[in-house]
Structure formats: C-alpha cells, structure tokens
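Okay, my_file-v8.tsv now, which holds TSV, C-alpha atoms and all ligand atoms:
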```tsv
chain	number	residue	atom	x	y	z
A	6	ALA	CA	18.14	-9.32	3.56
A	7	ILE	CA	17.04	-6.18	1.73
A	8	ILE	CA	16.02	-6.89	-1.85
A	9	SER	CA	14.49	-4.78	-4.60
A	10	LEU	CA	10.81	-4.68	-5.47
A	11	ARG	CA	11.62	-6.03	-8.93
A	12	GLN	CA	13.24	-9.16	-7.47
A	13	LEU	CA	10.35	-9.76	-5.08
A	14	LEU	CA	7.61	-9.21	-7.64
A	15	ASP	CA	9.34	-11.23	-10.37
A	16	HIS	CA	9.21	-14.16	-7.95
A	17	ALA	CA	5.56	-13.42	-7.15
A	18	ALA	CA	4.69	-13.35	-10.86
A	19	GLU	CA	6.55	-16.57	-11.54
A	20	HIS	CA	4.69	-18.32	-8.75
A	21	GLY	CA	1.34	-16.58	-9.21
A	22	TYR	CA	0.90	-14.85	-5.87
A	23	GLY	CA	0.50	-11.28	-4.62
A	24	LEU	CA	2.24	-9.39	-1.83
A	25	PRO	CA	0.60	-7.03	0.60
A	26	ALA	CA	2.64	-3.83	1.05
A	27	PHE	CA	1.97	-2.49	4.53
A	28	ASN	CA	2.69	1.09	5.57
A	29	VAL	CA	5.00	1.52	8.56
A	30	ASN	CA	5.64	4.44	10.87
A	31	ASN	CA	6.80	2.86	14.11
A	32	MET	CA	8.29	-0.19	15.77
A	33	GLU	CA	4.99	-1.87	16.62
A	34	GLN	CA	3.89	-1.88	12.98
A	35	VAL	CA	7.22	-3.23	11.76
A	36	LYS	CA	7.20	-5.96	14.41
A	37	ALA	CA	3.58	-6.89	13.72
A	38	ILE	CA	4.31	-7.37	10.02
A	39	MET	CA	7.57	-9.25	10.59
A	40	GLU	CA	6.02	-11.57	13.14
A	41	ALA	CA	3.22	-12.47	10.74
A	42	ALA	CA	5.62	-12.94	7.82
A	43	ALA	CA	7.96	-15.12	9.86
A	44	ALA	CA	5.06	-17.24	11.12
A	45	VAL	CA	3.77	-17.98	7.61
A	46	ASP	CA	7.12	-17.73	5.80
A	47	ALA	CA	6.21	-14.84	3.49
A	48	PRO	CA	8.44	-12.24	1.82
A	49	VAL	CA	7.87	-8.66	3.03
A	50	ILE	CA	7.28	-5.23	1.56
A	51	LEU	CA	7.51	-2.46	4.15
A	52	GLN	CA	6.55	0.95	2.83
A	53	GLY	CA	7.06	4.39	4.27
A	54	SER	CA	5.22	7.51	3.17
A	55	ALA	CA	6.65	11.01	3.38
A	56	GLY	CA	4.42	11.34	6.44
A	57	ALA	CA	6.11	8.32	8.00
A	58	ARG	CA	9.53	9.92	7.56
A	59	THR	CA	8.22	13.10	9.16
A	60	TYR	CA	6.62	11.16	12.01
A	61	ALA	CA	9.50	8.85	12.89
A	62	GLY	CA	12.38	10.87	11.52
A	63	GLU	CA	14.57	9.49	8.74
A	64	PRO	CA	17.15	7.79	11.01
A	65	PHE	CA	14.51	6.02	13.07
A	66	LEU	CA	12.66	4.77	10.01
A	67	ARG	CA	15.90	3.54	8.45
A	68	HIS	CA	17.02	1.79	11.62
A	69	LEU	CA	13.63	0.17	12.15
A	70	VAL	CA	14.05	-1.56	8.82
A	71	LEU	CA	17.64	-2.50	9.59
A	72	ALA	CA	16.46	-3.98	12.88
A	73	ALA	CA	13.86	-6.05	11.04
A	74	VAL	CA	16.53	-7.35	8.67
A	75	GLU	CA	18.77	-8.24	11.60
A	76	MET	CA	16.01	-9.99	13.54
A	77	TYR	CA	14.68	-11.92	10.52
A	78	PRO	CA	17.74	-12.68	8.37
A	79	HIS	CA	15.92	-15.41	6.42
A	80	ILE	CA	13.03	-13.17	5.27
A	81	PRO	CA	13.54	-11.10	2.08
A	82	ILE	CA	12.47	-7.50	2.76
A	83	CYS	CA	11.82	-4.70	0.30
A	84	MET	CA	11.84	-1.19	1.74
A	85	HIS	CA	9.68	0.98	-0.47
A	86	GLN	CA	8.97	4.71	-0.59
A	87	ASP	CA	5.20	5.11	-0.86
A	88	HIS	CA	3.77	7.99	-2.94
A	89	GLY	CA	6.92	9.96	-3.67
A	90	ALA	CA	5.62	13.42	-4.59
A	91	SER	CA	8.68	14.49	-6.57
A	92	PRO	CA	11.99	13.17	-7.87
A	93	SER	CA	13.75	14.78	-4.90
A	94	VAL	CA	11.66	12.78	-2.42
A	95	CYS	CA	12.70	9.62	-4.27
A	96	VAL	CA	16.37	10.64	-4.21
A	97	ARG	CA	16.18	11.10	-0.45
A	98	ALA	CA	14.63	7.65	-0.08
A	99	ILE	CA	17.41	6.09	-2.16
A	100	GLN	CA	20.01	7.85	-0.01
A	101	SER	CA	18.19	6.46	3.00
A	102	GLY	CA	18.72	2.89	1.73
A	103	PHE	CA	15.28	2.16	0.31
A	104	SER	CA	15.34	-0.59	-2.33
A	105	SER	CA	12.29	0.70	-4.16
A	106	VAL	CA	10.59	4.05	-4.72
A	107	MET	CA	7.22	5.15	-5.97
A	108	MET	CA	7.20	8.27	-8.11
A	109	ASP	CA	3.55	9.27	-7.98
A	110	GLY	CA	3.36	11.54	-10.99
A	111	SER	CA	-0.38	11.05	-11.37
A	112	LEU	CA	-0.69	14.06	-9.09
A	113	LEU	CA	1.27	17.30	-8.97
A	114	GLU	CA	3.68	17.87	-6.07
A	115	ASP	CA	0.82	19.07	-3.86
A	116	MET	CA	-0.47	15.46	-4.05
A	117	LYS	CA	-3.95	16.82	-4.72
A	118	THR	CA	-4.12	18.12	-8.27
A	119	PRO	CA	-4.28	15.57	-11.11
A	120	SER	CA	-1.30	16.14	-13.42
A	121	SER	CA	-0.94	16.01	-17.18
A	122	TYR	CA	0.20	12.80	-18.85
A	123	GLU	CA	3.35	14.57	-20.11
A	124	TYR	CA	4.29	15.69	-16.60
A	125	ASN	CA	3.80	12.17	-15.30
A	126	VAL	CA	6.03	10.67	-18.00
A	127	GLU	CA	8.73	13.28	-17.43
A	128	VAL	CA	9.08	12.99	-13.65
A	129	THR	CA	8.73	9.20	-13.67
A	130	ARG	CA	11.34	8.72	-16.37
A	131	LYS	CA	13.72	10.96	-14.45
A	132	VAL	CA	13.32	8.83	-11.32
A	133	VAL	CA	13.74	5.56	-13.24
A	134	ASP	CA	17.02	6.81	-14.71
A	135	MET	CA	18.42	7.62	-11.27
A	136	ALA	CA	16.96	4.66	-9.39
A	137	HIS	CA	17.97	1.98	-11.87
A	138	ALA	CA	21.54	3.29	-11.79
A	139	CYS	CA	21.47	2.43	-8.06
A	140	GLY	CA	19.74	-0.96	-8.39
A	141	VAL	CA	16.54	0.48	-6.94
A	142	SER	CA	13.13	-0.37	-8.41
A	143	VAL	CA	10.47	2.15	-9.39
A	144	GLU	CA	6.69	2.10	-9.15
A	145	GLY	CA	4.74	4.65	-11.19
A	146	GLU	CA	1.05	5.50	-11.14
A	147	LEU	CA	-1.29	6.12	-14.03
A	148	GLY	CA	-4.90	7.18	-13.49
A	149	CYS	CA	-6.46	8.74	-10.41
A	150	LEU	CA	-7.57	6.62	-7.52
A	151	GLY	CA	-11.20	7.14	-6.73
A	152	SER	CA	-14.37	5.29	-5.92
A	153	LEU	CA	-16.47	4.38	-8.95
A	154	GLU	CA	-19.46	4.56	-6.61
A	155	THR	CA	-18.96	8.07	-5.25
A	156	GLY	CA	-16.53	9.61	-7.76
A	157	LYS	CA	-14.51	10.73	-4.74
A	158	ALA	CA	-10.79	10.28	-4.34
A	159	GLY	CA	-10.88	9.19	-0.72
A	160	GLU	CA	-9.64	11.93	1.53
A	161	GLU	CA	-9.86	12.08	5.33
A	162	ASP	CA	-6.13	11.93	5.94
A	163	GLY	CA	-5.00	14.28	3.27
A	164	HIS	CA	-3.78	12.19	0.40
A	165	GLY	CA	-5.31	11.66	-3.01
A	166	ALA	CA	-6.85	14.18	-5.33
A	167	ALA	CA	-9.34	16.54	-3.74
A	168	GLY	CA	-13.02	16.50	-4.52
A	169	GLU	CA	-14.80	14.88	-7.41
A	170	LEU	CA	-12.89	13.39	-10.29
A	171	ASP	CA	-13.78	13.18	-13.92
A	172	HIS	CA	-15.08	9.64	-14.43
A	173	SER	CA	-12.56	8.90	-17.21
A	174	GLN	CA	-9.67	9.53	-14.80
A	175	LEU	CA	-10.92	6.82	-12.45
A	176	LEU	CA	-9.88	3.99	-14.76
A	177	THR	CA	-6.39	3.49	-16.18
A	178	ASP	CA	-6.40	3.25	-19.97
A	179	PRO	CA	-4.57	0.10	-21.22
A	180	GLU	CA	-3.12	1.78	-24.33
A	181	GLU	CA	-1.87	4.73	-22.32
A	182	ALA	CA	-0.37	2.28	-19.80
A	183	ALA	CA	1.58	0.58	-22.60
A	184	ASP	CA	2.88	3.93	-23.84
A	185	PHE	CA	3.74	5.03	-20.29
A	186	VAL	CA	5.76	1.90	-19.62
A	187	LYS	CA	7.58	2.16	-22.93
A	188	LYS	CA	8.57	5.76	-22.16
A	189	THR	CA	9.42	5.40	-18.48
A	190	LYS	CA	10.62	1.79	-18.02
A	191	VAL	CA	8.94	1.45	-14.61
A	192	ASP	CA	9.11	-1.91	-12.83
A	193	ALA	CA	5.65	-1.66	-11.35
A	194	LEU	CA	2.57	0.36	-12.18
A	195	ALA	CA	-0.21	1.44	-9.85
A	196	ILE	CA	-3.51	1.43	-11.69
A	197	ALA	CA	-6.93	2.93	-11.03
A	198	ILE	CA	-9.67	0.29	-11.09
A	199	GLY	CA	-12.11	1.61	-8.51
A	200	THR	CA	-10.20	1.62	-5.22
A	201	SER	CA	-9.63	4.73	-3.14
A	202	HIS	CA	-7.49	5.60	-0.12
A	203	GLY	CA	-8.69	5.71	3.45
A	204	ALA	CA	-11.51	4.12	5.42
A	205	TYR	CA	-14.45	5.49	3.43
A	206	LYS	CA	-14.43	3.61	0.14
A	207	PHE	CA	-17.98	2.34	-0.30
A	208	THR	CA	-21.15	3.49	1.41
A	209	ARG	CA	-23.07	0.28	0.72
A	210	LYS	CA	-22.09	-3.27	1.54
A	211	PRO	CA	-20.49	-4.62	-1.66
A	212	THR	CA	-22.81	-7.26	-3.07
A	213	GLY	CA	-21.37	-7.96	-6.48
A	214	LYS	CA	-18.09	-6.76	-7.85
A	215	VAL	CA	-16.90	-3.31	-6.83
A	216	LEU	CA	-13.67	-3.28	-8.81
A	217	ARG	CA	-13.05	-3.36	-12.57
A	218	ILE	CA	-11.04	-6.58	-12.71
A	219	ASP	CA	-11.73	-6.63	-16.46
A	220	ARG	CA	-9.43	-3.59	-16.63
A	221	VAL	CA	-6.70	-5.46	-14.76
A	222	LYS	CA	-6.90	-8.21	-17.39
A	223	GLU	CA	-6.73	-5.73	-20.29
A	224	ILE	CA	-3.79	-3.83	-18.80
A	225	HIS	CA	-1.93	-7.02	-17.89
A	226	ALA	CA	-2.37	-8.31	-21.45
A	227	ARG	CA	-0.77	-5.11	-22.83
A	228	ILE	CA	2.14	-4.92	-20.33
A	229	PRO	CA	2.72	-8.47	-19.03
A	230	ASN	CA	6.23	-7.72	-17.74
A	231	VAL	CA	5.24	-4.81	-15.53
A	232	HIS	CA	3.94	-5.69	-12.10
A	233	LEU	CA	0.53	-4.20	-11.38
A	234	VAL	CA	-0.12	-2.47	-8.07
A	235	MET	CA	-3.40	-1.85	-6.32
A	236	HIS	CA	-3.46	1.07	-3.91
A	237	GLY	CA	-6.34	1.73	-1.54
A	238	SER	CA	-6.73	-1.98	-0.88
A	239	SER	CA	-7.79	-2.07	2.74
A	240	SER	CA	-10.83	-4.23	3.36
A	241	VAL	CA	-11.87	-2.19	6.42
A	242	PRO	CA	-12.95	-5.20	8.52
A	243	GLU	CA	-16.29	-4.47	10.11
A	244	GLU	CA	-15.48	-6.20	13.40
A	245	TRP	CA	-12.61	-3.79	14.13
A	246	ALA	CA	-14.59	-0.69	13.12
A	247	VAL	CA	-17.44	-1.88	15.33
A	248	MET	CA	-14.99	-2.36	18.20
A	249	ILE	CA	-13.73	1.21	17.86
A	250	ASN	CA	-17.29	2.48	18.13
A	251	GLN	CA	-18.22	0.09	20.91
A	252	TYR	CA	-15.45	1.60	23.05
A	253	GLY	CA	-16.15	5.27	22.53
A	254	GLY	CA	-14.98	5.93	18.97
A	255	ASP	CA	-16.99	7.36	16.13
A	256	ILE	CA	-16.25	5.72	12.78
A	257	GLY	CA	-18.93	6.17	10.13
A	258	GLN	CA	-20.60	3.22	8.43
A	259	THR	CA	-18.22	2.17	5.67
A	260	TYR	CA	-17.04	-0.72	3.50
A	261	GLY	CA	-13.66	-1.55	2.03
A	262	VAL	CA	-12.41	-3.75	-0.79
A	263	PRO	CA	-13.51	-7.38	-0.40
A	264	VAL	CA	-10.48	-9.67	-0.06
A	265	GLU	CA	-11.95	-12.00	-2.73
A	266	GLU	CA	-11.80	-9.21	-5.30
A	267	ILE	CA	-8.15	-8.56	-4.51
A	268	VAL	CA	-7.50	-12.27	-4.91
A	269	GLU	CA	-9.17	-12.14	-8.31
A	270	GLY	CA	-6.95	-9.18	-9.23
A	271	ILE	CA	-3.92	-11.26	-8.24
A	272	ARG	CA	-5.11	-14.03	-10.56
A	273	HIS	CA	-4.93	-11.48	-13.39
A	274	GLY	CA	-1.59	-9.75	-12.79
A	275	VAL	CA	-1.77	-7.71	-9.58
A	276	ARG	CA	1.40	-8.34	-7.55
A	277	LYS	CA	1.55	-5.55	-4.94
A	278	VAL	CA	-1.42	-4.65	-2.77
A	279	ASN	CA	-1.14	-1.50	-0.63
A	280	ILE	CA	-2.68	-1.67	2.82
A	281	ASP	CA	-2.49	0.99	5.51
A	282	THR	CA	-6.00	1.71	6.84
A	283	ASP	CA	-6.63	-1.90	7.95
A	284	LEU	CA	-3.68	-1.80	10.35
A	285	ARG	CA	-4.79	1.59	11.66
A	286	ILE	CA	-8.34	0.38	12.31
A	287	ALA	CA	-7.34	-2.93	13.87
A	288	SER	CA	-4.74	-1.40	16.18
A	289	TYR	CA	-7.09	1.39	17.20
A	290	GLY	CA	-9.93	-1.01	17.98
A	291	ALA	CA	-7.63	-3.19	20.07
A	292	MET	CA	-6.26	-0.20	21.98
A	293	ARG	CA	-9.68	1.29	22.73
A	294	LYS	CA	-10.94	-2.07	23.98
A	295	PHE	CA	-7.89	-2.65	26.17
A	296	MET	CA	-8.02	0.83	27.71
A	297	ALA	CA	-11.72	0.52	28.44
A	298	GLU	CA	-11.42	-2.92	29.94
A	299	ASP	CA	-8.23	-2.64	31.98
A	300	ARG	CA	-8.63	0.69	33.68
A	301	LYS	CA	-5.98	0.06	36.30
A	302	ASN	CA	-3.15	-0.48	33.83
A	303	PHE	CA	-0.73	2.33	33.09
A	304	ASP	CA	2.09	0.38	31.43
A	305	PRO	CA	1.82	1.45	27.79
A	306	ARG	CA	3.67	-1.64	26.63
A	307	LYS	CA	0.61	-3.73	27.40
A	308	LEU	CA	-1.47	-1.40	25.28
A	309	TYR	CA	0.98	-1.41	22.36
A	310	LYS	CA	1.21	-5.19	22.57
A	311	GLU	CA	-2.55	-5.42	22.01
A	312	ALA	CA	-2.23	-3.14	19.00
A	313	GLN	CA	0.57	-5.28	17.65
A	314	LYS	CA	-1.41	-8.50	18.05
A	315	ALA	CA	-4.36	-7.01	16.18
A	316	MET	CA	-2.11	-5.90	13.31
A	317	THR	CA	-0.37	-9.27	13.14
A	318	SER	CA	-3.72	-11.00	12.73
A	319	ILE	CA	-4.57	-8.79	9.73
A	320	CYS	CA	-1.13	-9.32	8.17
A	321	THR	CA	-1.28	-13.08	8.57
A	322	ALA	CA	-4.72	-13.23	6.97
A	323	ARG	CA	-3.54	-11.18	3.97
A	324	TYR	CA	-0.33	-13.18	3.42
A	325	GLU	CA	-2.41	-16.34	3.40
A	326	ALA	CA	-5.23	-15.01	1.20
A	327	PHE	CA	-2.81	-13.54	-1.37
A	328	GLY	CA	-0.85	-16.79	-1.67
A	329	ALA	CA	2.38	-15.31	-0.25
A	330	ALA	CA	2.61	-17.75	2.67
A	331	GLY	CA	5.42	-20.24	2.17
A	332	GLN	CA	7.13	-18.11	-0.50
A	333	ALA	CA	9.94	-16.44	1.50
B	1	LIG	O1	-1.57	6.29	0.70
B	1	LIG	C1	-0.88	6.65	1.65
B	1	LIG	C2	-0.75	5.91	2.91
B	1	LIG	O2	-2.00	5.53	3.42
B	1	LIG	C3	0.10	6.69	3.87
B	1	LIG	O3	-0.61	7.67	4.54
B	1	LIG	O4	0.54	9.84	4.17
B	1	LIG	O5	-0.89	9.44	6.21
B	1	LIG	O6	1.34	8.32	5.97
B	1	LIG	P1	0.15	8.89	5.26
B	2	LIG	P1	-5.65	2.02	2.21
B	2	LIG	O1	-6.00	3.40	2.69
B	2	LIG	O2	-6.81	1.36	1.54
B	2	LIG	O3	-5.08	1.18	3.29
B	2	LIG	O4	-4.53	2.19	1.08
B	2	LIG	C1	-3.19	2.42	1.42
B	2	LIG	C2	-2.35	2.83	0.25
B	2	LIG	O5	-2.73	2.77	-0.91
B	2	LIG	C3	-0.99	3.31	0.56
B	2	LIG	O6	-0.31	3.74	-0.57
B	3	NA	NA	3.46	2.69	-3.21
B	4	ZN	ZN	-1.58	4.64	-2.05
```
Using structure tokens, write down the structure that the file contains.
Amino acid sequence: AIISLRQLLDHAAEHGYGLPAFNVNNMEQVKAIMEAAAAVDAPVILQGSAGARTYAGEPFLRHLVLAAVEMYPHIPICMHQDHGASPSVCVRAIQSGFSSVMMDGSLLEDMKTPSSYEYNVEVTRKVVDMAHACGVSVEGELGCLGSLETGKAGEEDGHGAAGELDHSQLLTDPEEAADFVKKTKVDALAIAIGTSHGAYKFTRKPTGKVLRIDRVKEIHARIPNVHLVMHGSSSVPEEWAVMINQYGGDIGQTYGVPVEEIVEGIRHGVRKVNIDTDLRIASYGAMRKFMAEDRKNFDPRKLYKEAQKAMTSICTARYEAFGAAGQA
C-alpha cells in the first residue's frame, strides 16, 4: 500500500531505525529495490527526481509505482518527489499520486544558486499548506550540501549548487532549523552535515569521521519531532567502481560516505537516507562486466538482470545496516 513519508518515518523513529530512499527511473531499479525489501521485510521509500519524470515520462513513473504496490501488497511504500525545484513541481507530483514531496528551497529554481532564508521559508510553507491538505508529507532542506573537505557541492550530473560554497552554508544551523520548522511545519528536514551529491565526495580514504554527527545531535535536540534526512549518502563501494574501470570505464579515484557514519547518524535522529549514486555504480559495473565476458549474448534482458542483481545486493545491505529489515 502507498503510505505517506510521515507515517513511515514516525514508525522508524519509534523503533529507532533509518530508511534508505532510493532514486528510481525505470523498472529494473524499482524491481531491484522491491525484491530486496521483500526479502528482508523492510518498508520502502521510492523517490523520483524531476529528471526521472522527464526520463520515464509521468505515466510510466506513476505506473511503475502502482505495479510495485500490486506485486508487493504487504510492503508499505512511500512515493516521494526528490528535490522539487518549485511549488509547481510539487503540485504536479501530488497530482501524480506521490505521497510525499520535497520542496528544495535551499536553492533557487535553477537548482544551482543558494537562496535566501526568507525565500526558502516562503516556498516551503506554501508547499506544506497544499500538501498537508491532501494528506501528503513534505521534506524541506536547510543548508547547502557540500563536502567539508573540498568545499564543493558535488556536481557531475548537474544538481547541487555550482562551484565553491561559503563554509558557513555547509552546516545547517540548529537555531535556524528550529525557526524554519516552526514557520513551515515540514515533516522532514534535509540537513547539511558534510555530505554531497554524486560519486566524487571525498578524495582521500576516510580514516576518522567525515561527517558532523555532532550537528545531527544538536539539530535533533532542537526539533525532535521532525525527521532528519541525509542527502548525498551513497557510500560509493570501491569494488563496483573498480569493476567499472576493469571493464573499460574511467571512474576517478573517489570515496563516499562510510556506512558506519550513516548508522551513527541514525542513532541520533536521521530517518531518511538518500541513495542514488550507489545503484548507478553497481548496475554499471555489473553491466560492463557482463558485456565484456559474454560477448555472444544479444538478449538485453540478461544484461538488465545483472544490473538488477547488483542493485538488489546494495539495497539489501542498506536495509540491514540501517535497521529497517523486519520492520515492514
Ligand atoms: O539528488 C538527486 C538525485 O541523485 C537524482 O539525480 O536529477 O540526475 O535524476 P537526477
Ligand atoms: P547520492 O548522489 O550520494 O547517491 O545522493 C542522492 C541524493 O541525495 C538524492 O536526493
Ligand atoms: Na528528497
Ligand atoms: Zn539529494
């Protein structure tokens, strides 16, 4: 059944676990996630970006989710709009049957330029008013995602603020978070604590702590009833990146967010963990390997099946690590 983000994350908070929110664009991704969730009995958050709606087309994206609900009637599923750039994007998602929307007012509509606090409050409050009237949850974002190591927002595939960010923008301020929640009434809040989007998060292998979990604690203490969200939470598993390169790809040396640090965030109030890059890397590695090794095959289903298996293995590992297994 389709349920709202608020319902899912209230349960996660009550039972002290976190939920990965995986980005979906096509059938193989949806099936990979659902298979993993069904195997470990975990609730599901599927999220679609504006890019996903452009790629699949609104009816296909909508029906993919409906198909998942029909195939897995016992698994609660939240369908979430990822990074809504404006209130109108969120309205379209609600019309499309999404049970949750993110109004990302931390950036202007170009999704590149950091916005003013007042702008963020205004657009987010507008979306909350509309969404709550429809029983749809809202995620807001305060602070700008960016690596504390490089000061960069994480680019490559076009989302996130461009170029270098002012260091103060890279960490969400707890007092401002409290004011933001009071003014907007969001259900969930994405915070900046040192993660960034895409594959290139850290240039050195993380030895100690790369995230500011102390900030998670401070923010959670100020707004205990708002579910905290970590974007840019791919761990960029080395074995899959290596596989891409081993079979003709060219991925630069890079490190993602260690799973243990996400787990620590979950211990201190993080409930939704956004992951897109990991599924991209794993599926790509599996496809390159398969194509290189079975050169006689020309049935694409065999190729897609390999991609799906790789993604399922990532999803299963995250459901288990985040404590979501057995919670559906
Ligand atoms: O943060 C955004 C997600 O990784 C979605 O990326 O806009 O390329 O679909 P996308
Ligand atoms: P990654 O690029 O780390 O997978 O983050 C995805 C994300 O935050 C989607 O909103
Ligand atoms: Na989101
Ligand atoms: Zn994101």
- Spatial sel., origin (4.3, -24.1, 6.9), limit 12 Å, all atoms listed in the file, listed as a VMD selection string: chain A and resid 42 to 47 325 329 to 333
- Message: Measuring between only C-alpha atoms, which one of A:Val264, A:Met135, A:Ala90, A:Ala291 shows the shortest distance to Ser120 of chain A?
- Response: A:Ala90
- Message: Using all atoms listed in the file, which residues of the polymer chains come no farther than 9 Å from ligand LIG 1 (chain B)? I'd like the answer as a PyMOL selection string.
- Response: chain A and resi 27-30+52-60+87-88+162-165+202-203+236-237+279-282
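Comparing the minimum interatomic distances between Glu269 of chain A and each of A:Ile256, A:Ala18, A:Ala297, A:Val221, counting all atoms listed in the file, we find that A:Val221 sits nearest.
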- Among listed residues A:Pro81, A:Pro305, A:Gly213, A:Pro242, nearest ligand LIG 2 (chain B) (using only C-alpha atoms and all ligand atoms):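 Checking each candidate against ligand LIG 2 (chain B), we get A:Pro242 as the closest.
Candidate residues A:His85, A:Arg11, A:Lys301, A:Lys210 were compared for distance to Leu233 of chain A, and the nearest is A:Arg11, using only C-alpha atoms.
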List as a PDB file with C-alpha atoms, in the frame of the given file the protein and nucleic acid residues near Tyr205 of chain A, meaning an atom at most 12 Å away when all atoms listed in the file are counted, but skip any in the same chain fewer than 3 places from it.
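Output below, filename selection.pdb:
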```
ATOM      1  CA  GLY A 151     -11.200   7.140  -6.730  1.00  0.00           C
ATOM      2  CA  SER A 152     -14.370   5.290  -5.920  1.00  0.00           C
ATOM      3  CA  GLU A 154     -19.460   4.560  -6.610  1.00  0.00           C
ATOM      4  CA  THR A 155     -18.960   8.070  -5.250  1.00  0.00           C
ATOM      5  CA  LYS A 157     -14.510  10.730  -4.740  1.00  0.00           C
ATOM      6  CA  ALA A 158     -10.790  10.280  -4.340  1.00  0.00           C
ATOM      7  CA  GLY A 159     -10.880   9.190  -0.720  1.00  0.00           C
ATOM      8  CA  GLU A 160      -9.640  11.930   1.530  1.00  0.00           C
ATOM      9  CA  GLU A 161      -9.860  12.080   5.330  1.00  0.00           C
ATOM     10  CA  ASP A 162      -6.130  11.930   5.940  1.00  0.00           C
ATOM     11  CA  THR A 200     -10.200   1.620  -5.220  1.00  0.00           C
ATOM     12  CA  SER A 201      -9.630   4.730  -3.140  1.00  0.00           C
ATOM     13  CA  HIS A 202      -7.490   5.600  -0.120  1.00  0.00           C
ATOM     14  CA  THR A 208     -21.150   3.490   1.410  1.00  0.00           C
ATOM     15  CA  ARG A 209     -23.070   0.280   0.720  1.00  0.00           C
ATOM     16  CA  LYS A 210     -22.090  -3.270   1.540  1.00  0.00           C
ATOM     17  CA  GLY A 237      -6.340   1.730  -1.540  1.00  0.00           C
ATOM     18  CA  SER A 238      -6.730  -1.980  -0.880  1.00  0.00           C
ATOM     19  CA  SER A 239      -7.790  -2.070   2.740  1.00  0.00           C
ATOM     20  CA  SER A 240     -10.830  -4.230   3.360  1.00  0.00           C
ATOM     21  CA  VAL A 241     -11.870  -2.190   6.420  1.00  0.00           C
ATOM     22  CA  PRO A 242     -12.950  -5.200   8.520  1.00  0.00           C
ATOM     23  CA  ALA A 246     -14.590  -0.690  13.120  1.00  0.00           C
ATOM     24  CA  ILE A 256     -16.250   5.720  12.780  1.00  0.00           C
ATOM     25  CA  GLY A 257     -18.930   6.170  10.130  1.00  0.00           C
ATOM     26  CA  GLN A 258     -20.600   3.220   8.430  1.00  0.00           C
ATOM     27  CA  THR A 259     -18.220   2.170   5.670  1.00  0.00           C
ATOM     28  CA  TYR A 260     -17.040  -0.720   3.500  1.00  0.00           C
ATOM     29  CA  GLY A 261     -13.660  -1.550   2.030  1.00  0.00           C
ATOM     30  CA  VAL A 262     -12.410  -3.750  -0.790  1.00  0.00           C
ATOM     31  CA  THR A 282      -6.000   1.710   6.840  1.00  0.00           C
ATOM     32  CA  ASP A 283      -6.630  -1.900   7.950  1.00  0.00           C
ATOM     33  CA  ILE A 286      -8.340   0.380  12.310  1.00  0.00           C
TER      34      ILE A 286
END
```
- Message: To one decimal place in Å, what is the distance between atom CA of Leu51 of chain A and atom CA of Arg293 of chain A?
- Response: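 Atom-to-atom, atom CA of Leu51 of chain A to atom CA of Arg293 of chain A, that is 25.6 Å.
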- Item | Which of A:Lys190, A:Arg220, A:His79, A:Lys277 sits closest to ligand NA 3 (chain B) [using all atoms listed in the file] | A:Lys277
Box in all listed atoms of ligand LIG 2 (chain B), axis-aligned, with 4 Å more on each side; write out centre and edge lengths in Å to one decimal as AutoDock Vina command-line options.
```
--center_x -3.6 --center_y 2.5 --center_z 1.2 --size_x 14.5 --size_y 10.6 --size_z 12.2
```
- Residue nearest ligand NA 3 (chain B) - candidates A:Ala72, A:Ile196, A:Phe185, A:Val96, atoms counted: all atoms listed in the file: A:Ile196
- Which residues, written as a VMD selection string, have at least one atom at most 12 Å from Arg67 of chain A, with all atoms listed in the file counted and residues fewer than 2 positions away on the same chain left out? chain A and resid 7 29 to 32 35 51 to 53 57 to 58 61 to 65 69 to 74 84 to 86 97 to 104
- Distance query Gly23 of chain A at most 6 Å, only C-alpha atoms, self and fewer than 5 positions along chain excluded, as a PyMOL selection string: chain A and resi 271+276-277+327
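For Lys222 of chain A, the set of protein, DNA and RNA residues having any atom at most 10 Å away, when counting only C-alpha atoms and skipping those fewer than 2 positions along the same chain, is Pro179, Arg217, Ile218, Asp219, Arg220, Ile224, His225, Ala226, Arg227, Pro229, Gly270, Arg272, His273, Gly274 and Val275 of chain A.
From atom CA of Phe207 of chain A back to atom CA of Val106 of chain A, the distance works out to 29.0 Å.
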